[in-house]
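**Student:** What follows is my_file.csv, made up of CSV, N, CA and C atoms:
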chain,number,residue,atom,x,y,z
A,1,MET,N,133.3,94.4,94.0
A,1,MET,CA,134.4,95.2,93.6
A,1,MET,C,134.2,95.7,92.2
A,2,ARG,N,134.3,97.0,92.0
A,2,ARG,CA,134.1,97.6,90.6
A,2,ARG,C,135.4,97.6,89.9
A,3,ASP,N,135.4,97.3,88.6
A,3,ASP,CA,136.5,97.4,87.7
A,3,ASP,C,136.8,98.9,87.5
A,4,ILE,N,138.1,99.3,87.3
A,4,ILE,CA,138.4,100.6,87.0
A,4,ILE,C,138.4,100.8,85.5
A,5,VAL,N,137.6,101.7,85.1
A,5,VAL,CA,137.4,102.0,83.6
A,5,VAL,C,138.5,103.0,83.2
A,6,THR,N,139.3,102.7,82.2
A,6,THR,CA,140.3,103.6,81.8
A,6,THR,C,140.1,104.1,80.4
A,7,GLU,N,139.1,103.6,79.7
A,7,GLU,CA,138.8,104.0,78.3
A,7,GLU,C,137.3,104.5,78.3
A,8,CYS,N,137.1,105.6,77.6
A,8,CYS,CA,135.8,106.2,77.5
A,8,CYS,C,134.8,105.2,77.0
A,9,GLN,N,133.6,105.2,77.6
A,9,GLN,CA,132.6,104.2,77.3
A,9,GLN,C,131.5,104.8,76.4
A,10,TYR,N,131.7,106.1,76.0
A,10,TYR,CA,130.6,106.8,75.2
A,10,TYR,C,130.4,106.1,73.9
A,11,ILE,N,129.1,105.8,73.6
A,11,ILE,CA,128.7,105.3,72.3
A,11,ILE,C,127.8,106.3,71.7
A,12,GLY,N,128.2,106.9,70.6
A,12,GLY,CA,127.4,108.0,70.0
A,12,GLY,C,126.1,107.6,69.4
A,13,PRO,N,125.2,108.5,69.2
A,13,PRO,CA,123.9,108.2,68.6
A,13,PRO,C,124.0,107.7,67.2
A,14,GLU,N,125.1,108.0,66.5
A,14,GLU,CA,125.2,107.5,65.1
A,14,GLU,C,125.4,106.0,65.0
A,15,GLN,N,125.7,105.4,66.1
A,15,GLN,CA,125.9,103.9,66.1
A,15,GLN,C,124.6,103.2,66.4
A,16,THR,N,124.0,102.6,65.4
A,16,THR,CA,122.7,102.0,65.5
A,16,THR,C,122.7,100.5,65.3
A,17,ASN,N,123.8,100.0,64.9
A,17,ASN,CA,123.9,98.5,64.7
A,17,ASN,C,125.0,97.9,65.7
A,18,HIS,N,124.7,96.7,66.1
A,18,HIS,CA,125.6,96.0,67.0
A,18,HIS,C,126.7,95.4,66.2
A,19,PRO,N,127.9,95.3,66.6
A,19,PRO,CA,128.4,95.7,67.9
A,19,PRO,C,128.7,97.2,68.0
A,20,PHE,N,128.4,97.7,69.2
A,20,PHE,CA,128.7,99.1,69.4
A,20,PHE,C,130.2,99.3,69.8
A,21,ILE,N,130.8,100.3,69.3
A,21,ILE,CA,132.2,100.6,69.6
A,21,ILE,C,132.3,101.9,70.4
A,22,PRO,N,132.8,101.8,71.7
A,22,PRO,CA,132.9,102.9,72.5
A,22,PRO,C,134.1,103.8,72.0
A,23,CYS,N,134.1,105.1,72.5
A,23,CYS,CA,135.1,106.1,72.1
A,23,CYS,C,136.5,105.5,72.3
A,24,GLY,N,136.8,105.1,73.5
A,24,GLY,CA,138.1,104.5,73.8
A,24,GLY,C,139.2,105.4,74.2
A,25,CYS,N,138.9,106.8,74.2
A,25,CYS,CA,139.9,107.7,74.7
A,25,CYS,C,140.1,107.6,76.2
A,26,LYS,N,141.2,108.1,76.8
A,26,LYS,CA,141.5,108.1,78.2
A,26,LYS,C,140.3,108.8,79.0
A,27,THR,N,139.9,108.1,80.0
A,27,THR,CA,138.8,108.7,80.8
A,27,THR,C,139.2,109.8,81.7
A,28,PHE,N,138.2,110.7,82.0
A,28,PHE,CA,138.4,111.7,83.0
A,28,PHE,C,138.5,110.9,84.4
A,29,PRO,N,139.4,111.3,85.3
A,29,PRO,CA,139.6,110.5,86.5
A,29,PRO,C,138.3,110.3,87.3
A,30,GLY,N,138.0,109.1,87.6
A,30,GLY,CA,136.8,108.8,88.4
A,30,GLY,C,135.5,108.7,87.6
A,31,ARG,N,135.6,108.8,86.3
A,31,ARG,CA,134.4,108.8,85.4
A,31,ARG,C,134.6,107.7,84.3
A,32,ASN,N,133.5,107.4,83.6
A,32,ASN,CA,133.5,106.5,82.6
A,32,ASN,C,133.7,107.1,81.2
A,33,TYR,N,133.8,108.4,81.1
A,33,TYR,CA,133.9,109.1,79.9
A,33,TYR,C,135.1,110.0,79.8
A,34,CYS,N,135.5,110.3,78.6
A,34,CYS,CA,136.7,111.2,78.3
A,34,CYS,C,136.2,112.7,78.6
A,35,GLU,N,137.1,113.6,78.6
A,35,GLU,CA,136.8,115.0,78.8
A,35,GLU,C,135.8,115.6,77.8
A,36,ASP,N,135.9,115.1,76.6
A,36,ASP,CA,135.0,115.6,75.6
A,36,ASP,C,133.5,115.1,75.8
A,37,HIS,N,133.4,113.8,76.1
A,37,HIS,CA,132.1,113.2,76.1
A,37,HIS,C,131.4,113.4,77.5
A,38,ILE,N,132.1,113.7,78.5
A,38,ILE,CA,131.5,113.9,79.8
A,38,ILE,C,130.4,115.0,79.8
A,39,TRP,N,130.7,116.0,78.9
A,39,TRP,CA,129.8,117.1,78.8
A,39,TRP,C,128.5,116.7,78.1
A,40,LEU,N,128.6,115.8,77.1
A,40,LEU,CA,127.5,115.3,76.4
A,40,LEU,C,126.6,114.4,77.3
A,41,VAL,N,127.3,113.6,78.2
A,41,VAL,CA,126.5,112.7,79.0
A,41,VAL,C,125.8,113.5,80.1
A,42,TYR,N,126.5,114.5,80.7
A,42,TYR,CA,125.8,115.2,81.8
A,42,TYR,C,125.1,116.4,81.4
A,43,LYS,N,125.1,116.7,80.1
A,43,LYS,CA,124.3,117.8,79.5
A,43,LYS,C,124.4,119.1,80.4
A,44,LYS,N,125.4,119.8,80.3
A,44,LYS,CA,125.8,120.9,81.1
A,44,LYS,C,124.5,121.8,81.3
A,45,GLY,N,124.2,122.1,82.6
A,45,GLY,CA,123.2,123.0,82.9
A,45,GLY,C,121.8,122.5,82.9
A,46,THR,N,121.5,121.2,82.8
A,46,THR,CA,120.2,120.7,82.7
A,46,THR,C,119.4,120.5,84.1
A,47,SER,N,120.2,120.4,85.2
A,47,SER,CA,119.5,120.3,86.5
A,47,SER,C,120.4,120.8,87.5
A,48,SER,N,119.9,121.0,88.7
A,48,SER,CA,120.7,121.5,89.8
A,48,SER,C,121.7,120.4,90.2
A,49,GLY,N,121.3,119.1,90.2
A,49,GLY,CA,122.2,118.0,90.5
A,49,GLY,C,123.3,118.0,89.5
A,50,ASN,N,123.0,118.1,88.2
A,50,ASN,CA,124.1,118.1,87.2
A,50,ASN,C,125.0,119.3,87.4
A,51,LYS,N,124.4,120.5,87.7
A,51,LYS,CA,125.2,121.7,87.9
A,51,LYS,C,126.3,121.4,89.0
A,52,ARG,N,125.9,120.7,90.1
A,52,ARG,CA,126.9,120.4,91.1
A,52,ARG,C,127.9,119.5,90.6
A,53,LYS,N,127.5,118.4,89.9
A,53,LYS,CA,128.4,117.5,89.3
A,53,LYS,C,129.4,118.2,88.4
A,54,ILE,N,128.9,119.1,87.5
A,54,ILE,CA,129.7,119.8,86.6
A,54,ILE,C,130.7,120.7,87.3
A,55,ALA,N,130.2,121.4,88.3
A,55,ALA,CA,131.1,122.3,89.1
A,55,ALA,C,132.3,121.5,89.7
A,56,ALA,N,132.0,120.3,90.2
A,56,ALA,CA,133.0,119.4,90.8
A,56,ALA,C,134.0,118.9,89.7
A,57,ILE,N,133.4,118.6,88.5
A,57,ILE,CA,134.3,118.2,87.4
A,57,ILE,C,135.2,119.3,86.9
A,58,GLU,N,134.6,120.5,86.8
A,58,GLU,CA,135.4,121.6,86.3
A,58,GLU,C,136.5,121.9,87.3
A,59,LYS,N,136.2,121.8,88.6
A,59,LYS,CA,137.2,122.0,89.7
A,59,LYS,C,138.3,121.0,89.5
A,60,GLU,N,137.9,119.7,89.4
A,60,GLU,CA,138.9,118.6,89.2
A,60,GLU,C,139.8,118.9,88.0
A,61,LEU,N,139.2,119.3,86.9
A,61,LEU,CA,139.9,119.6,85.6
A,61,LEU,C,141.0,120.7,85.9
A,62,ALA,N,140.5,121.7,86.6
A,62,ALA,CA,141.5,122.9,86.8
A,62,ALA,C,142.6,122.4,87.7
A,63,GLU,N,142.3,121.6,88.7
A,63,GLU,CA,143.4,121.0,89.6
A,63,GLU,C,144.3,120.1,88.8
A,64,LEU,N,143.8,119.3,88.0
A,64,LEU,CA,144.6,118.4,87.2
A,64,LEU,C,145.6,119.2,86.2
A,65,LYS,N,145.0,120.2,85.6
A,65,LYS,CA,145.8,121.0,84.7
A,65,LYS,C,146.9,121.8,85.4
A,66,HIS,N,146.5,122.3,86.6
A,66,HIS,CA,147.5,123.0,87.5
A,66,HIS,C,148.6,122.0,87.9
A,67,PHE,N,148.3,120.8,88.3
A,67,PHE,CA,149.2,119.8,88.6
A,67,PHE,C,150.2,119.4,87.5
A,68,GLU,N,149.6,119.3,86.3
A,68,GLU,CA,150.4,119.0,85.1
A,68,GLU,C,151.4,120.1,84.8
A,69,GLU,N,150.9,121.4,85.0
A,69,GLU,CA,151.8,122.5,84.7
A,69,GLU,C,153.0,122.5,85.7
A,70,ILE,N,152.7,122.2,87.0
A,70,ILE,CA,153.7,122.1,88.0
A,70,ILE,C,154.7,121.0,87.6
A,71,GLN,N,154.2,119.9,87.2
A,71,GLN,CA,155.1,118.8,86.9
A,71,GLN,C,156.0,119.1,85.7
A,72,GLU,N,155.4,119.9,84.7
A,72,GLU,CA,156.2,120.3,83.6
A,72,GLU,C,157.3,121.3,84.0
A,73,ILE,N,157.0,122.2,84.9
A,73,ILE,CA,158.0,123.1,85.4
A,73,ILE,C,159.1,122.4,86.1
A,74,ILE,N,158.7,121.5,87.0
A,74,ILE,CA,159.7,120.7,87.7
A,74,ILE,C,160.6,119.9,86.7
A,75,GLY,N,160.0,119.3,85.7
A,75,GLY,CA,160.8,118.6,84.7
A,75,GLY,C,161.8,119.5,84.0
A,76,GLU,N,161.4,120.7,83.7
A,76,GLU,CA,162.3,121.7,83.0
A,76,GLU,C,163.4,122.1,83.9
A,77,MET,N,163.1,122.2,85.2
A,77,MET,CA,164.2,122.6,86.2
A,77,MET,C,165.2,121.5,86.4
A,78,GLU,N,164.7,120.3,86.4
A,78,GLU,CA,165.6,119.1,86.6
A,78,GLU,C,166.4,118.8,85.3
A,79,GLY,N,165.8,119.0,84.2
A,79,GLY,CA,166.4,118.6,82.9
A,79,GLY,C,167.1,119.6,82.2
Using structure tokens, write down the structure from this file.
**Tutor:**
Amino acid sequence: MRDIVTECQYIGPEQTNHPFIPCGCKTFPGRNYCEDHIWLVYKKGTSSGNKRKIAAIEKELAELKHFEEIQEIIGEMEG
């Protein structure tokens, strides 16, 4: 069974000494990295496999943002 990662695990190249400290921001759903670092890890446009992954991630982002907008509208209507 895999643990669910909720904090970004990105460790930047500027960290050269142990202990390494990961980013810690909220992860992108289903990934180990936050929205900012996922692009660094997958290096947008570097291969056809990555292009498919990136297209899927961009679609997920759009859907999440749309869902958040709907929830905000519902909250305004109720409150």
**Student:** Quick check, in Å to one decimal: how far apart do atom N of Ile11 (chain A) and CA of Glu63 (chain A) lie?
**Tutor:**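 These two atoms are separated by 26.3 Å.
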**Student:** Pull the helix (DSSP H, G or I) assignments for chain A out of DSSP run on the backbone, and list those residues as a ChimeraX atom specification.
**Tutor:** /A:35-42,48-78
**Student:** Mind writing the picked residues with N, CA and C atoms as a CSV table (one decimal), keeping the file's coordinate frame?
**Tutor:**
chain,number,residue,atom,x,y,z
A,35,GLU,N,137.1,113.6,78.6
A,35,GLU,CA,136.8,115.0,78.8
A,35,GLU,C,135.8,115.6,77.8
A,36,ASP,N,135.9,115.1,76.6
A,36,ASP,CA,135.0,115.6,75.6
A,36,ASP,C,133.5,115.1,75.8
A,37,HIS,N,133.4,113.8,76.1
A,37,HIS,CA,132.1,113.2,76.1
A,37,HIS,C,131.4,113.4,77.5
A,38,ILE,N,132.1,113.7,78.5
A,38,ILE,CA,131.5,113.9,79.8
A,38,ILE,C,130.4,115.0,79.8
A,39,TRP,N,130.7,116.0,78.9
A,39,TRP,CA,129.8,117.1,78.8
A,39,TRP,C,128.5,116.7,78.1
A,40,LEU,N,128.6,115.8,77.1
A,40,LEU,CA,127.5,115.3,76.4
A,40,LEU,C,126.6,114.4,77.3
A,41,VAL,N,127.3,113.6,78.2
A,41,VAL,CA,126.5,112.7,79.0
A,41,VAL,C,125.8,113.5,80.1
A,42,TYR,N,126.5,114.5,80.7
A,42,TYR,CA,125.8,115.2,81.8
A,42,TYR,C,125.1,116.4,81.4
A,48,SER,N,119.9,121.0,88.7
A,48,SER,CA,120.7,121.5,89.8
A,48,SER,C,121.7,120.4,90.2
A,49,GLY,N,121.3,119.1,90.2
A,49,GLY,CA,122.2,118.0,90.5
A,49,GLY,C,123.3,118.0,89.5
A,50,ASN,N,123.0,118.1,88.2
A,50,ASN,CA,124.1,118.1,87.2
A,50,ASN,C,125.0,119.3,87.4
A,51,LYS,N,124.4,120.5,87.7
A,51,LYS,CA,125.2,121.7,87.9
A,51,LYS,C,126.3,121.4,89.0
A,52,ARG,N,125.9,120.7,90.1
A,52,ARG,CA,126.9,120.4,91.1
A,52,ARG,C,127.9,119.5,90.6
A,53,LYS,N,127.5,118.4,89.9
A,53,LYS,CA,128.4,117.5,89.3
A,53,LYS,C,129.4,118.2,88.4
A,54,ILE,N,128.9,119.1,87.5
A,54,ILE,CA,129.7,119.8,86.6
A,54,ILE,C,130.7,120.7,87.3
A,55,ALA,N,130.2,121.4,88.3
A,55,ALA,CA,131.1,122.3,89.1
A,55,ALA,C,132.3,121.5,89.7
A,56,ALA,N,132.0,120.3,90.2
A,56,ALA,CA,133.0,119.4,90.8
A,56,ALA,C,134.0,118.9,89.7
A,57,ILE,N,133.4,118.6,88.5
A,57,ILE,CA,134.3,118.2,87.4
A,57,ILE,C,135.2,119.3,86.9
A,58,GLU,N,134.6,120.5,86.8
A,58,GLU,CA,135.4,121.6,86.3
A,58,GLU,C,136.5,121.9,87.3
A,59,LYS,N,136.2,121.8,88.6
A,59,LYS,CA,137.2,122.0,89.7
A,59,LYS,C,138.3,121.0,89.5
A,60,GLU,N,137.9,119.7,89.4
A,60,GLU,CA,138.9,118.6,89.2
A,60,GLU,C,139.8,118.9,88.0
A,61,LEU,N,139.2,119.3,86.9
A,61,LEU,CA,139.9,119.6,85.6
A,61,LEU,C,141.0,120.7,85.9
A,62,ALA,N,140.5,121.7,86.6
A,62,ALA,CA,141.5,122.9,86.8
A,62,ALA,C,142.6,122.4,87.7
A,63,GLU,N,142.3,121.6,88.7
A,63,GLU,CA,143.4,121.0,89.6
A,63,GLU,C,144.3,120.1,88.8
A,64,LEU,N,143.8,119.3,88.0
A,64,LEU,CA,144.6,118.4,87.2
A,64,LEU,C,145.6,119.2,86.2
A,65,LYS,N,145.0,120.2,85.6
A,65,LYS,CA,145.8,121.0,84.7
A,65,LYS,C,146.9,121.8,85.4
A,66,HIS,N,146.5,122.3,86.6
A,66,HIS,CA,147.5,123.0,87.5
A,66,HIS,C,148.6,122.0,87.9
A,67,PHE,N,148.3,120.8,88.3
A,67,PHE,CA,149.2,119.8,88.6
A,67,PHE,C,150.2,119.4,87.5
A,68,GLU,N,149.6,119.3,86.3
A,68,GLU,CA,150.4,119.0,85.1
A,68,GLU,C,151.4,120.1,84.8
A,69,GLU,N,150.9,121.4,85.0
A,69,GLU,CA,151.8,122.5,84.7
A,69,GLU,C,153.0,122.5,85.7
A,70,ILE,N,152.7,122.2,87.0
A,70,ILE,CA,153.7,122.1,88.0
A,70,ILE,C,154.7,121.0,87.6
A,71,GLN,N,154.2,119.9,87.2
A,71,GLN,CA,155.1,118.8,86.9
A,71,GLN,C,156.0,119.1,85.7
A,72,GLU,N,155.4,119.9,84.7
A,72,GLU,CA,156.2,120.3,83.6
A,72,GLU,C,157.3,121.3,84.0
A,73,ILE,N,157.0,122.2,84.9
A,73,ILE,CA,158.0,123.1,85.4
A,73,ILE,C,159.1,122.4,86.1
A,74,ILE,N,158.7,121.5,87.0
A,74,ILE,CA,159.7,120.7,87.7
A,74,ILE,C,160.6,119.9,86.7
A,75,GLY,N,160.0,119.3,85.7
A,75,GLY,CA,160.8,118.6,84.7
A,75,GLY,C,161.8,119.5,84.0
A,76,GLU,N,161.4,120.7,83.7
A,76,GLU,CA,162.3,121.7,83.0
A,76,GLU,C,163.4,122.1,83.9
A,77,MET,N,163.1,122.2,85.2
A,77,MET,CA,164.2,122.6,86.2
A,77,MET,C,165.2,121.5,86.4
A,78,GLU,N,164.7,120.3,86.4
A,78,GLU,CA,165.6,119.1,86.6
A,78,GLU,C,166.4,118.8,85.3
**Student:** Which residue out of A:Cys8, A:Ala55, A:Leu40, A:Ile74 has the minimum interatomic distance to Phe28 (chain A) when all atoms listed in the file are used?
**Tutor:**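 Counting all atoms listed in the file, the residue closest to Phe28 (chain A) is A:Cys8.
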**Student:** State, in Å with one decimal place, the distance from atom N of Glu58 (chain A) to atom N of Pro13 (chain A).
**Tutor:**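 It comes out at 23.3 Å.
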**Student:** Using all atoms listed in the file, can you tell me which of A:Arg31, A:Lys65, A:Arg52, A:Lys59 comes closest to Ile4 (chain A)?
**Tutor:**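 With all atoms listed in the file as the atom set, the closest residue is A:Arg31.
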**Student:** Skip region 23-27 of chain A itself and residues of its chain fewer than 6 positions away, then list as a VMD selection string all residues within 6 Å of it, counting only C-alpha atoms.
**Tutor:** chain A and resid 6 to 8 10 33 to 34
